[in-house]
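Note sheet for the following structure.
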Amino acid sequence: MVIVRRYLVALVSIMAAVLLTGRLAAHTDTLLWPKQPPAFFAVTVPPNWTVKQDDIGLAEYSQDECCSVYVSGANNAKYAVSSTNDLAAEMAKALGMTGFTGPEPATISGVPAQSYSGMWQSQSGSTPVDTKMLIVRLAPGALVFVRIMAPKGITPAQQSALDQAVAGVALLRNH
């Protein structure tokens, strides 16, 4: 359990670092993550959104950098002994989320998922950030994650762009 916790803390730390670090040039492509097979996700990045991708995940950011969508996954035998709810709670704790709720039923590309929500306080700003995590268990030790973040009170145009980015995330079935 300690190894799982360390991995989750590292994963969440890297997710936060990706959110707070520099962005790459704008894309309008469909990108696969991970780059090396087997790919878990095909992500169609909306126009004027930017992407940062590494071995841990793929993050896409709105033009004004207020909203983000992050995809990741892991195949770790240690996950087989933890429930999805326990793993989500550990991730939320590592992120410093408050008001953590869930699970609620959700889907990613028609695949059943568990949805968890809460608030995250950005270290670079005073605005609370609504955070939603979608988790799909592909096998006992294999999970994929989608994290959606947006500050409270985004405009309808920002919400529309975020909705487009979320809709562009497709879970591939060839894993």
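Scheme for the structure tokens: letters A, B, ... for chains in order shown; per-chain residue numbers from 1; ligand numbers from 1 in order shown.
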
List every residue of chain A that DSSP, applied to the backbone of this structure, places in helix (DSSP H, G or I), and write the result as a PyMOL selection string.
-> chain A and resi 2-20+77-81+84-95+156-167

Got a sec: who's within 7 Å of A:Phe145, counting only C-alpha atoms, leaving out chain neighbours fewer than 4 positions off, as a VMD selection string?
-> chain A and resid 71 to 73 133 to 136

Stretch 109-124 of chain A: which residues within 10 Å, counting only C-alpha atoms, same-chain residues fewer than 6 positions away excluded, as a PyMOL selection string?
-> chain A and resi 16+20+41+84-85+88-89+92+95-103+130-138+144-152+167-173

Any idea what the distance is between atom CA of A:Phe40 and atom CA of A:Pro140?
->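 Those two atoms sit 15.8 Å apart.
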
Tell me, in Å to one decimal, how far atom CA of A:Asp163 is from atom CA of A:Ala142.
-> 26.4 Å

In Å to one decimal, how far is atom CA of A:Glu60 from atom CA of A:Lys35?
-> 15.3 Å

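Ranking A:Trp49, A:Thr127, A:Val81, A:Gly153 by their shortest atom-to-atom distance to A:Val69, with only C-alpha atoms included, puts A:Trp49 first.
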
Determine, counting only C-alpha atoms, which protein, DNA and RNA residues have an atom within 10 Å of an atom of A:Pro46; residues of the same chain fewer than 3 positions away are not included. Present the result as a VMD selection string.
-> chain A and resid 26 to 30 43 49 to 50 60 to 63 161 to 162 164 to 168

DSSP strand (DSSP E) residues within chain A, as number ranges by chain = A: 26-27, 30-33, 41-44, 49-53, 57-61, 68-75, 98-108, 111-121, 128-139, 142-151, 169-171
